[in-house]
Amino acid sequence: MPYKVCLSYGHGSNTFKEARSKGVIVNGVAYEEHTHNAIVGEKTKKVIEAHGIQTLVVQPPFGRDVPLQTRTNKANSWGANLYYSIHSNAAGSSTRGYTAFYWSTSAVGKKAAEIYAKYAKQAGFPLYHNGVYPSVRGTWNDFHELRETRMVALLTENGFMTNKDDFPLIFLNKDHSHDREAEVHAKTILEYFNIRYDPNKANKFIPALAPKPVVVTPKPVVTPKPVVTTPEVKKGMNLADWQFEELEAAFKFAREKGIFTSDRWEKQSKDKSLTNDQAVYAAITLWYRTHKEGK
Ligand SMILES: [Zn+2]
């Protein structure tokens, strides 16, 4: 059974026009919160679906505002495993940052909020209230979506529209902020279900964050080091002592007969350093000179 996630894109396309709230006007241009919520939410939806998660969107993107009661009723009757709501905040101009609200009595909800805070921070977004905020009954943050849902629920407030530094992240897609934010939501939801985030599955939907192709640098050509050969130490012949003595006597005899003029063969036979090559050479030379000169 795939995990079921209910996605709620905060407010609707009519909210700001009718209520003059949930949006800001900058240089005469209206920026509606729902636009941000829908853009980022739709990216998030595709990424988590690519990871095998089943979704139910209780607020159609860019559609008319669906009442909160309708949204939570749908999530409850569908049997969602997680309810995930996407918003942006408004306050005084100096307040900024990203945070996730969870129902204050839900330990699991708090854990989910902490996952969100971790990824928001990792993505370079500033955090408000450490990125984790309990929603408490009877207070200003007694949020319907957290109170009336039967499953673990998060209400994310992604930046403050009223802050000049958060504004371009929310509305102007500064530095691919929409892709980065969608990735935060997707990673949060996936980690909540212990599903490994696969960038390759996300690539199609958040291309700005696609991993760069791995550049395979050719291996440097290794020039083999010249093999240093130490000159072979010539070893003497493997002969018994009496055999060396006989050779010595033979070479001595040849020298005395004037066939060899040097005593080197005798000496090498005596100290047993005479090699095969030398013995062969000496024997052939001895034979040749004996026959040639009739000695
Ligand atoms: Zn909102």
# chains A, B, ... in the order shown; residues from 1 in each chain; ligands from 1
>>> residues_near_ligand(ligand="ligand 1", cutoff="6 Å", atoms="only C-alpha atoms and all ligand atoms", output="PDB file with N, CA and C atoms, in the first residue's frame")
ATOM      1  N   GLY A  10      -2.236  26.606   0.275  1.00  0.00           N
ATOM      2  CA  GLY A  10      -2.930  27.624   1.062  1.00  0.00           C
ATOM      3  C   GLY A  10      -3.742  28.620   0.231  1.00  0.00           C
ATOM      4  N   HIS A  87       2.172  27.348   2.739  1.00  0.00           N
ATOM      5  CA  HIS A  87       1.810  28.761   2.868  1.00  0.00           C
ATOM      6  C   HIS A  87       3.046  29.648   2.830  1.00  0.00           C
ATOM      7  N   SER A  88       2.774  30.970   2.791  1.00  0.00           N
ATOM      8  CA  SER A  88       3.798  31.955   3.124  1.00  0.00           C
ATOM      9  C   SER A  88       3.171  32.925   4.107  1.00  0.00           C
TER      10      SER A  88
END
>>> closest_atom_pairs(of="region 70-158 of chain A", to="region 48-54 of chain A", cutoff="12 Å", atoms="only C-alpha atoms", output="JSON lines")
{"residue": "A:Trp78", "atom": "CA", "partner": "A:Gln54", "partner_atom": "CA", "distance": 11.1}
{"residue": "A:Gly79", "atom": "CA", "partner": "A:Gln54", "partner_atom": "CA", "distance": 11.4}
{"residue": "A:Ala80", "atom": "CA", "partner": "A:Gln54", "partner_atom": "CA", "distance": 9.2}
{"residue": "A:Asn81", "atom": "CA", "partner": "A:Gln54", "partner_atom": "CA", "distance": 9.9}
{"residue": "A:Leu82", "atom": "CA", "partner": "A:Gln54", "partner_atom": "CA", "distance": 10.7}
>>> residues_around(residues="region 103-113 of chain A", least_positions_apart="5", cutoff="6 Å", atoms="only C-alpha atoms", output="PDB file with C-alpha atoms, in the first residue's frame")
ATOM      1  CA  VAL A 132       9.744  24.334  14.280  1.00  0.00           C
ATOM      2  CA  PRO A 134       3.935  24.212  18.021  1.00  0.00           C
ATOM      3  CA  SER A 135       0.344  25.052  17.171  1.00  0.00           C
ATOM      4  CA  VAL A 136      -1.538  25.453  20.465  1.00  0.00           C
ATOM      5  CA  LEU A 146      -3.633  21.009  12.306  1.00  0.00           C
ATOM      6  CA  VAL A 152      -0.050  13.875  11.439  1.00  0.00           C
TER       7      VAL A 152
END
>>> residues_around(residues="region 264-274 of chain A", least_positions_apart="5", cutoff="7 Å", atoms="only C-alpha atoms", output="VMD selection string")
chain A and resid 235 to 237 244 to 245 247 to 248 251 to 252 279
>>> residues_around(residues="region 166-183 of chain A", least_positions_apart="2", cutoff="6 Å", atoms="only C-alpha atoms", output="list in words")
Val40, Lys43, Thr44, Gly159, Phe160, Met161, Asn163, Lys164, His185, Ala186, Lys187 and Ile206 of chain A
>>> select_by_dssp(residues="region 241-292 of chain A", states="helix (DSSP H, G or I)", output="number ranges by chain")
A: 241-256, 264-270, 276-292
>>> closest_residue(among="A:Val47, A:Leu68, A:Ile39, A:Ala240", to="Arg147 (chain A)", atoms="only C-alpha atoms")
A:Leu68
>>> atom_distance(atom1="CA of Tyr133 (chain A)", atom2="CA of Arg196 (chain A)")
25.5 Å
>>> residues_around(residues="His144 (chain A)", least_positions_apart="5", cutoff="9 Å", atoms="only C-alpha atoms", output="count of residues only")
4
>>> select_by_dssp(residues="region 59-273 of chain A", states="strand (DSSP E or B)", output="ChimeraX atom specification")
/A:82-89,98-103,127-135,152-160
>>> atom_distance(atom1="CA of Tyr9 (chain A)", atom2="CA of Ala100 (chain A)")
14.3 Å
>>> atom_distance(atom1="CA of Tyr116 (chain A)", atom2="CA of Thr188 (chain A)")
5.2 Å
>>> decode(residues="region 121-237 of chain A", atoms="C-alpha atoms", output="mmCIF file, in the first residue's frame")
data_model
loop_
_atom_site.group_PDB
_atom_site.id
_atom_site.type_symbol
_atom_site.label_atom_id
_atom_site.label_comp_id
_atom_site.auth_asym_id
_atom_site.auth_seq_id
_atom_site.Cartn_x
_atom_site.Cartn_y
_atom_site.Cartn_z
ATOM 1 C CA LYS A 121 18.248 25.145 6.527
ATOM 2 C CA GLN A 122 20.208 22.823 4.262
ATOM 3 C CA ALA A 123 18.657 24.511 1.216
ATOM 4 C CA GLY A 124 19.856 27.891 2.489
ATOM 5 C CA PHE A 125 16.523 29.294 3.670
ATOM 6 C CA PRO A 126 16.549 31.335 6.881
ATOM 7 C CA LEU A 127 14.565 29.763 9.718
ATOM 8 C CA TYR A 128 11.887 31.451 11.813
ATOM 9 C CA HIS A 129 11.695 30.183 15.396
ATOM 10 C CA ASN A 130 14.275 27.485 14.578
ATOM 11 C CA GLY A 131 11.945 26.288 11.840
ATOM 12 C CA VAL A 132 9.744 24.334 14.280
ATOM 13 C CA TYR A 133 6.635 25.863 15.877
ATOM 14 C CA PRO A 134 3.935 24.212 18.021
ATOM 15 C CA SER A 135 0.344 25.052 17.171
ATOM 16 C CA VAL A 136 -1.538 25.453 20.465
ATOM 17 C CA ARG A 137 -5.298 25.280 20.963
ATOM 18 C CA GLY A 138 -6.907 28.605 21.840
ATOM 19 C CA THR A 139 -3.914 30.725 20.753
ATOM 20 C CA TRP A 140 -3.208 32.800 17.618
ATOM 21 C CA ASN A 141 -1.761 29.713 16.005
ATOM 22 C CA ASP A 142 -4.662 27.327 16.727
ATOM 23 C CA PHE A 143 -4.732 26.340 13.068
ATOM 24 C CA HIS A 144 -7.781 24.519 11.736
ATOM 25 C CA GLU A 145 -5.760 22.265 9.424
ATOM 26 C CA LEU A 146 -3.633 21.009 12.306
ATOM 27 C CA ARG A 147 -6.466 20.754 14.825
ATOM 28 C CA GLU A 148 -9.106 19.017 12.657
ATOM 29 C CA THR A 149 -6.955 16.475 10.857
ATOM 30 C CA ARG A 150 -6.856 12.952 12.263
ATOM 31 C CA MET A 151 -3.421 12.218 10.844
ATOM 32 C CA VAL A 152 -0.050 13.875 11.439
ATOM 33 C CA ALA A 153 -0.180 17.321 9.891
ATOM 34 C CA LEU A 154 2.276 20.082 9.055
ATOM 35 C CA LEU A 155 1.496 23.647 8.109
ATOM 36 C CA THR A 156 4.561 25.173 6.531
ATOM 37 C CA GLU A 157 5.017 28.931 6.401
ATOM 38 C CA ASN A 158 7.650 29.478 3.782
ATOM 39 C CA GLY A 159 9.053 32.921 4.339
ATOM 40 C CA PHE A 160 7.358 36.246 5.009
ATOM 41 C CA MET A 161 5.894 38.019 1.997
ATOM 42 C CA THR A 162 6.318 41.270 3.901
ATOM 43 C CA ASN A 163 10.083 40.950 4.205
ATOM 44 C CA LYS A 164 12.245 42.329 1.414
ATOM 45 C CA ASP A 165 14.672 39.404 1.523
ATOM 46 C CA ASP A 166 12.041 36.659 1.678
ATOM 47 C CA PHE A 167 9.866 38.333 -0.976
ATOM 48 C CA PRO A 168 12.038 37.438 -4.004
ATOM 49 C CA LEU A 169 12.349 33.868 -2.721
ATOM 50 C CA ILE A 170 8.579 33.561 -2.469
ATOM 51 C CA PHE A 171 7.515 35.363 -5.624
ATOM 52 C CA LEU A 172 10.462 35.932 -7.951
ATOM 53 C CA ASN A 173 11.975 32.448 -7.930
ATOM 54 C CA LYS A 174 15.277 33.977 -6.908
ATOM 55 C CA ASP A 175 18.121 31.479 -7.400
ATOM 56 C CA HIS A 176 15.563 28.796 -8.315
ATOM 57 C CA SER A 177 13.955 29.221 -4.913
ATOM 58 C CA HIS A 178 10.761 27.476 -6.048
ATOM 59 C CA ASP A 179 12.667 24.355 -7.014
ATOM 60 C CA ARG A 180 14.706 24.510 -3.831
ATOM 61 C CA GLU A 181 11.587 24.903 -1.721
ATOM 62 C CA ALA A 182 9.768 22.071 -3.488
ATOM 63 C CA GLU A 183 12.785 19.909 -2.829
ATOM 64 C CA VAL A 184 12.597 20.785 0.872
ATOM 65 C CA HIS A 185 8.943 19.696 1.013
ATOM 66 C CA ALA A 186 9.570 16.532 -0.978
ATOM 67 C CA LYS A 187 12.555 15.547 1.136
ATOM 68 C CA THR A 188 10.605 16.234 4.316
ATOM 69 C CA ILE A 189 7.672 14.079 3.246
ATOM 70 C CA LEU A 190 9.896 11.269 1.968
ATOM 71 C CA GLU A 191 12.072 11.163 5.056
ATOM 72 C CA TYR A 192 8.956 11.143 7.218
ATOM 73 C CA PHE A 193 8.054 7.850 5.493
ATOM 74 C CA ASN A 194 11.648 6.607 5.442
ATOM 75 C CA ILE A 195 11.795 6.784 1.673
ATOM 76 C CA ARG A 196 15.146 7.644 0.161
ATOM 77 C CA TYR A 197 15.093 10.836 -1.933
ATOM 78 C CA ASP A 198 16.283 10.036 -5.457
ATOM 79 C CA PRO A 199 17.459 13.129 -7.378
ATOM 80 C CA ASN A 200 17.030 11.263 -10.648
ATOM 81 C CA LYS A 201 13.335 10.814 -9.957
ATOM 82 C CA ALA A 202 13.035 14.499 -9.070
ATOM 83 C CA ASN A 203 15.012 15.850 -12.045
ATOM 84 C CA LYS A 204 12.111 16.029 -14.435
ATOM 85 C CA PHE A 205 10.126 18.276 -12.127
ATOM 86 C CA ILE A 206 12.798 20.406 -10.521
ATOM 87 C CA PRO A 207 15.304 20.712 -13.364
ATOM 88 C CA ALA A 208 17.148 23.603 -11.760
ATOM 89 C CA LEU A 209 18.440 21.242 -9.117
ATOM 90 C CA ALA A 210 19.236 18.340 -11.388
ATOM 91 C CA PRO A 211 22.557 16.868 -10.462
ATOM 92 C CA LYS A 212 25.283 17.866 -12.860
ATOM 93 C CA PRO A 213 26.357 15.076 -15.172
ATOM 94 C CA VAL A 214 29.352 13.338 -13.812
ATOM 95 C CA VAL A 215 32.360 14.420 -15.806
ATOM 96 C CA VAL A 216 34.551 11.460 -16.405
ATOM 97 C CA THR A 217 38.083 12.689 -16.633
ATOM 98 C CA PRO A 218 40.275 10.284 -18.542
ATOM 99 C CA LYS A 219 42.810 8.584 -16.415
ATOM 100 C CA PRO A 220 46.241 10.124 -16.819
ATOM 101 C CA VAL A 221 48.461 8.040 -19.017
ATOM 102 C CA VAL A 222 50.968 6.432 -16.789
ATOM 103 C CA THR A 223 54.314 6.134 -18.510
ATOM 104 C CA PRO A 224 55.921 3.039 -17.182
ATOM 105 C CA LYS A 225 59.086 3.679 -15.325
ATOM 106 C CA PRO A 226 62.076 2.220 -17.069
ATOM 107 C CA VAL A 227 62.942 -1.054 -15.501
ATOM 108 C CA VAL A 228 66.277 -0.688 -13.860
ATOM 109 C CA THR A 229 68.145 -3.893 -14.255
ATOM 110 C CA THR A 230 71.085 -4.443 -12.099
ATOM 111 C CA PRO A 231 73.737 -6.213 -14.090
ATOM 112 C CA GLU A 232 73.541 -9.853 -13.420
ATOM 113 C CA VAL A 233 76.186 -11.036 -11.088
ATOM 114 C CA LYS A 234 77.877 -13.810 -12.906
ATOM 115 C CA LYS A 235 77.887 -16.885 -10.870
ATOM 116 C CA GLY A 236 80.540 -19.462 -11.003
ATOM 117 C CA MET A 237 79.884 -22.907 -12.368
#
